[in-house]
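Visitor: Supplied in structure tokens, the structure appears directly below.
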Amino acid sequence: MSKRIWLISAGLVLAGGAIIFSSLRDSEEIKEETIEAVAGKPNIVFIFADDFGQNVPSINGNKYIQTPNIDAIANEGVRFKQNYVTAPICCASRAALLTGRYQQRFGSEFHLHYPSFSAYTADSVKYVKSLLEQNIAPDEKTQGVPSTEINYAELLKTNGYTTGIIGKWHAGFYDGYRPHQRGFDYSWGWYGGSTLYYTDENDLEKVTFKNKEGYHHYESKTNKYQWKRDPIATGIFKNGELIDEKEYQTSAIAREAVNFIDKNKDKPFFLYVPFGAIHTPLQAVKQEYDKLTNIKDEQQRILLAMTVSLDQAVGSILDKLKQEGLDSNTIIVFSGDNGSTYHRLNHNGTKEGITLYDGSYENINYPLKGGKLTHYEGGIRTPLFIKWPGKIKAGSVYEAPVSTLDLFPTFAAATATKLPGDRSYDGVDLLPYITGINKNKPHETLYWRNGFVKTIRKGDYKLLVNENDKTVFLYDLKNDPYEKEDLSSKLTQKVEELKKDYLAWEKGLGQPRWKSPKITKIIVEGKQVSFQP
């Protein structure tokens with residue numbers, strides 16, 4: 001009998017004394033079957049990287065660094081060639097990921113407004129004034145994934161799973177919206193979009209990117225790089241309590257994940273590990289930074305060093321699972337929330353605050369077009385690797401488009417957890433497709449909407465409509481995967497067909513529960529593009 005089974009048996013005896021013991025003895029076969037069923041539930045470790053586009057792992061084409069631990073998940077499982085997220089920005093993408101439903105269905109379409117007293121708002125008075133001028137109430141406490149939605153943790157707890165989240169939440173700042181209040185038995189991390197990787201500005205073992213004036217990428221004229229964690233968005237919280245974390249953020253997440261596995265190794269668990277890396281602030285371990293002398297762009301050099309540290313942290317988690325003998329009964333998933341960034345023109349004096357995507361620097365989205373904050377493939381494609389020994393053939397490659405929406409029903413099916421019947425889900429269980437039982441494509445059509453930016457992919461055709469820029473682009477992704485040739489003027493009937501399909505989908509959506517307070521400008525291969533985060 002395994003260690004996990006012995007503990008469950010002992011628990012039954014202690015709980016019911018001689019009566020339960022007698023019952024076990026009299027119906028041994030029934031009880032053993034029940035215990036084996038509980039013990040046989042697979043653990044799930046879901047590793048989710050931030051601003052981590054399709055081509056960041058070396059197995060997907062990164063030519064600047066190696067990511068052997070992340071690659072190992074793909075090599076020992078299945079690698080999806082065309083995985084899509086539902087938005088090219090953190091909040092919206094994660095809202096759909098956590099629930100298995102398009103975020104527009106429940107109004108989480110736009111980025112959460114940062115609290116007026118958070119580290120993100122260096123000039124609180126100016127920030128509040130700008131919101132009020134747009135008829136937006138500051139510090140609105142109902143922003144986030146609503147309690148009417150069911151997330152992974154809430155679902156799997158109904159089936160006996162212990163649940164944990166280590167890292168970035170970004171699904172609500174305020175009371176009632178925090179992870180320890182939304183199904184996670186253990187939570188460690190921060191509620192906002194990012195936090196400092198380290199807090200000691202004089203730490204010589206770390207390196208931080210700053211522009212020539214000494215300011216970081218946050219556009220602050222009153223606050224030199226923000227060496228602080230606030231008590232609402234960027235602070236580190238443990239089960240809702242603010243703590244003082246000193247360790248490098250990525251390493252601390254690995255530490256906490258390893259500890260969670262150690263404490264819960266004798267029972268089924270779901271561990272969600274949303275790393276902060278490789279989101280800004282650009283802060284790296286100097287030892288890794290020093291190795292990348294071949295990278296000329298300073299921003300990308302730090303970003304790549306951060307990626308190396310992330311891969312090492314993933315390795316620590318994988319090693320722990322193997323050391324505890326859990327590897328064979330654990331589903332390991334690796335993915336990212338949206339395409340990568342980071343290259344800002346203001347840092348070399350060209351133009352203030354503009355994000356640039358092209359081939360003039362070591363662009364880790366390449367050869368995909370665009371990146372974060374765009375509906376081009378570089379913005380909405382991320383890696384997806386799934387390992388499940390004995391269930392998924394090692395070294396598999398899946399070609400057809402899938403979505404992070406699919407992970408919710410896949411986890412439910414893998415754990416024999418019943419999906420709620422009172423709502424529709426937009427994803428599918430991927431296991432029959434991976435194994436070849438289902439020969440069809442998981443999705444014929446996928447949709448995206450970020451305010452005035454609207455996109456549909458149907459088959460191999462992708463239509464992008466930007467109502468603010470008054471542009472319409474049509475691409476044939478099968479023959480033009482890097483979106484070089486616009487076919488909208490040649491295939492007008494296809495454009496109209498996709499517009500009609502999109503409008504039919506849009507009719508079933510709800511209204512955004514809060515407004516977007518700004519329009520962002522990005523330069524993609526020499527052309528300015530607007531986005532509504």
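Just so we're on the same page: first chain in the structure tokens is A, next is B, and so on; residues restart at 1 for each chain, and ligands are numbered from 1 in the order they show up.
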Per DSSP on the backbone, what are the strand (DSSP E or B) residues of range 193-338 of chain A, as a PyMOL selection string?
Guide: chain A and resi 206-208+236-238+241-243+269-274+283-285+330-336
Visitor: Using the selection just defined, write its residues with N, CA and C atoms as a PDB file, in the first residue's frame.
Guide:
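For reference, out_12.pdb as written:
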ATOM      1  N   LYS A 206      22.227  41.914  -8.184  1.00  0.00           N
ATOM      2  CA  LYS A 206      21.105  42.065  -9.096  1.00  0.00           C
ATOM      3  C   LYS A 206      21.360  43.265 -10.007  1.00  0.00           C
ATOM      4  N   VAL A 207      20.626  43.324 -11.104  1.00  0.00           N
ATOM      5  CA  VAL A 207      20.748  44.443 -12.030  1.00  0.00           C
ATOM      6  C   VAL A 207      19.353  44.876 -12.459  1.00  0.00           C
ATOM      7  N   THR A 208      19.131  46.186 -12.522  1.00  0.00           N
ATOM      8  CA  THR A 208      17.835  46.757 -12.894  1.00  0.00           C
ATOM      9  C   THR A 208      18.023  47.694 -14.081  1.00  0.00           C
ATOM     10  N   ILE A 236       3.604  41.530  -1.221  1.00  0.00           N
ATOM     11  CA  ILE A 236       3.522  40.072  -1.203  1.00  0.00           C
ATOM     12  C   ILE A 236       2.619  39.667  -0.044  1.00  0.00           C
ATOM     13  N   PHE A 237       1.607  38.871  -0.343  1.00  0.00           N
ATOM     14  CA  PHE A 237       0.636  38.431   0.654  1.00  0.00           C
ATOM     15  C   PHE A 237       0.688  36.910   0.817  1.00  0.00           C
ATOM     16  N   LYS A 238       0.612  36.470   2.029  1.00  0.00           N
ATOM     17  CA  LYS A 238       0.529  35.044   2.339  1.00  0.00           C
ATOM     18  C   LYS A 238      -0.813  34.794   3.012  1.00  0.00           C
ATOM     19  N   GLU A 241      -2.330  37.955   4.266  1.00  0.00           N
ATOM     20  CA  GLU A 241      -1.553  38.783   5.184  1.00  0.00           C
ATOM     21  C   GLU A 241      -0.296  39.306   4.498  1.00  0.00           C
ATOM     22  N   LEU A 242      -0.052  40.604   4.601  1.00  0.00           N
ATOM     23  CA  LEU A 242       1.121  41.222   3.986  1.00  0.00           C
ATOM     24  C   LEU A 242       2.389  40.748   4.690  1.00  0.00           C
ATOM     25  N   ILE A 243       3.389  40.333   3.889  1.00  0.00           N
ATOM     26  CA  ILE A 243       4.642  39.858   4.458  1.00  0.00           C
ATOM     27  C   ILE A 243       5.813  40.615   3.836  1.00  0.00           C
ATOM     28  N   PHE A 269      -3.432  17.241  -5.163  1.00  0.00           N
ATOM     29  CA  PHE A 269      -3.341  18.696  -5.087  1.00  0.00           C
ATOM     30  C   PHE A 269      -3.351  19.324  -6.471  1.00  0.00           C
ATOM     31  N   PHE A 270      -3.813  20.562  -6.489  1.00  0.00           N
ATOM     32  CA  PHE A 270      -3.738  21.415  -7.673  1.00  0.00           C
ATOM     33  C   PHE A 270      -2.894  22.620  -7.294  1.00  0.00           C
ATOM     34  N   LEU A 271      -1.770  22.798  -7.981  1.00  0.00           N
ATOM     35  CA  LEU A 271      -0.868  23.903  -7.700  1.00  0.00           C
ATOM     36  C   LEU A 271      -0.741  24.778  -8.934  1.00  0.00           C
ATOM     37  N   TYR A 272      -1.200  26.004  -8.795  1.00  0.00           N
ATOM     38  CA  TYR A 272      -1.128  27.008  -9.866  1.00  0.00           C
ATOM     39  C   TYR A 272       0.050  27.921  -9.552  1.00  0.00           C
ATOM     40  N   VAL A 273       1.014  27.986 -10.483  1.00  0.00           N
ATOM     41  CA  VAL A 273       2.244  28.743 -10.258  1.00  0.00           C
ATOM     42  C   VAL A 273       2.376  29.826 -11.330  1.00  0.00           C
ATOM     43  N   PRO A 274       1.683  30.947 -11.170  1.00  0.00           N
ATOM     44  CA  PRO A 274       1.802  32.054 -12.127  1.00  0.00           C
ATOM     45  C   PRO A 274       3.007  32.943 -11.793  1.00  0.00           C
ATOM     46  N   GLN A 283      14.431  43.318 -13.988  1.00  0.00           N
ATOM     47  CA  GLN A 283      15.364  43.103 -12.879  1.00  0.00           C
ATOM     48  C   GLN A 283      15.866  41.666 -12.928  1.00  0.00           C
ATOM     49  N   ALA A 284      17.161  41.518 -13.046  1.00  0.00           N
ATOM     50  CA  ALA A 284      17.746  40.194 -13.256  1.00  0.00           C
ATOM     51  C   ALA A 284      18.815  39.888 -12.221  1.00  0.00           C
ATOM     52  N   VAL A 285      19.127  38.610 -12.117  1.00  0.00           N
ATOM     53  CA  VAL A 285      20.282  38.170 -11.341  1.00  0.00           C
ATOM     54  C   VAL A 285      21.531  38.506 -12.156  1.00  0.00           C
ATOM     55  N   THR A 330       1.466  13.082 -11.894  1.00  0.00           N
ATOM     56  CA  THR A 330       1.235  14.525 -11.902  1.00  0.00           C
ATOM     57  C   THR A 330       1.148  15.045 -13.326  1.00  0.00           C
ATOM     58  N   ILE A 331       0.088  15.786 -13.607  1.00  0.00           N
ATOM     59  CA  ILE A 331      -0.040  16.496 -14.875  1.00  0.00           C
ATOM     60  C   ILE A 331       0.711  17.813 -14.724  1.00  0.00           C
ATOM     61  N   ILE A 332       1.671  18.047 -15.598  1.00  0.00           N
ATOM     62  CA  ILE A 332       2.440  19.292 -15.557  1.00  0.00           C
ATOM     63  C   ILE A 332       2.116  20.086 -16.819  1.00  0.00           C
ATOM     64  N   VAL A 333       1.720  21.328 -16.625  1.00  0.00           N
ATOM     65  CA  VAL A 333       1.351  22.198 -17.741  1.00  0.00           C
ATOM     66  C   VAL A 333       2.212  23.455 -17.682  1.00  0.00           C
ATOM     67  N   PHE A 334       2.686  23.874 -18.839  1.00  0.00           N
ATOM     68  CA  PHE A 334       3.406  25.141 -18.922  1.00  0.00           C
ATOM     69  C   PHE A 334       2.792  25.982 -20.026  1.00  0.00           C
ATOM     70  N   SER A 335       2.532  27.276 -19.719  1.00  0.00           N
ATOM     71  CA  SER A 335       2.010  28.175 -20.741  1.00  0.00           C
ATOM     72  C   SER A 335       2.333  29.612 -20.339  1.00  0.00           C
ATOM     73  N   GLY A 336       1.823  30.576 -21.126  1.00  0.00           N
ATOM     74  CA  GLY A 336       2.030  32.000 -20.861  1.00  0.00           C
ATOM     75  C   GLY A 336       0.759  32.773 -21.120  1.00  0.00           C
TER      76      GLY A 336
END
Visitor: With DSSP run on the backbone, what are the helix (DSSP H, G or I) residues within range 434-511 of chain A? I'd like them as a PyMOL selection string.
Guide: chain A and resi 434-435+492-506
Visitor: Would you mind telling me which residue in A:Lys322, A:His111, A:Lys418, A:Arg449 lies nearest to Lys265 in chain A when using only C-alpha atoms?
Guide: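 Using only C-alpha atoms, Lys265 in chain A sits closest to A:Lys322.
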Visitor: Which is closer to Cys91 in chain A than all the others in A:Val524, A:Leu155, A:Ala74, A:Leu373, using only C-alpha atoms?
Guide: A:Leu373
Visitor: Which residue gives the smallest distance to Ile302 in chain A among A:Glu76, A:Gly378, A:Ala171, A:Ile65, with only C-alpha atoms counted?
Guide: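 Between A:Glu76, A:Gly378, A:Ala171, A:Ile65, the residue approaching Ile302 in chain A most closely is A:Ile65.
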Visitor: Applying 9 Å and only C-alpha atoms, which residues near Phe452 in chain A remain after dropping the ones on its own chain fewer than 6 positions away? List them as number ranges by chain.
Guide: A: 465-469, 531-532
Visitor: Smallest atom-to-atom distance to Pro42 in chain A: which of A:Glu154, A:Asp327, A:Glu201, A:Glu256, using only C-alpha atoms?
Guide: A:Asp327
Visitor: With only C-alpha atoms as the atoms that count, which of A:Ser360, A:Thr435, A:Thr341, A:Gln300 lies nearest to Lys393 in chain A?
Guide: A:Thr435
Visitor: Nearest residue to Arg229 in chain A out of A:Tyr120, A:Lys63, A:Val145, A:Leu509, using only C-alpha atoms?
Guide: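 When distances to Arg229 in chain A are compared using only C-alpha atoms, the smallest one comes from A:Tyr120.
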Visitor: Give me the residues within 7 Å of range 511-514 of chain A as a ChimeraX atom specification, counting only C-alpha atoms and dropping any in the same chain fewer than 4 places off.
Guide: /A:104,107-109
Visitor: Create the file for the chosen residues now, containing C-alpha atoms and written as a PDB file, in the first residue's frame.
Guide:
ATOM      1  CA  GLN A 104     -16.332  39.156 -22.166  1.00  0.00           C
ATOM      2  CA  GLY A 107     -17.485  41.729 -18.178  1.00  0.00           C
ATOM      3  CA  SER A 108     -13.750  41.314 -17.472  1.00  0.00           C
ATOM      4  CA  GLU A 109     -12.709  42.700 -20.835  1.00  0.00           C
TER       5      GLU A 109
END
Visitor: Kindly give the distance, in Å, that separates CA of Phe260 in chain A and CA of Ile165 in chain A, rounded to a single decimal.
Guide: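 Pair CA of Phe260 in chain A / CA of Ile165 in chain A returns 9.4 Å.
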Visitor: When you draw a straight line from CA of Thr234 in chain A to CA of Trp448 in chain A, how long is it in Å?
Guide: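 Calculated distance between CA of Thr234 in chain A and CA of Trp448 in chain A is 28.4 Å.
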Visitor: Would you compute the distance between CA of Asp262 in chain A and CA of Thr250 in chain A? Give it in Å to one decimal.
Guide: 18.7 Å
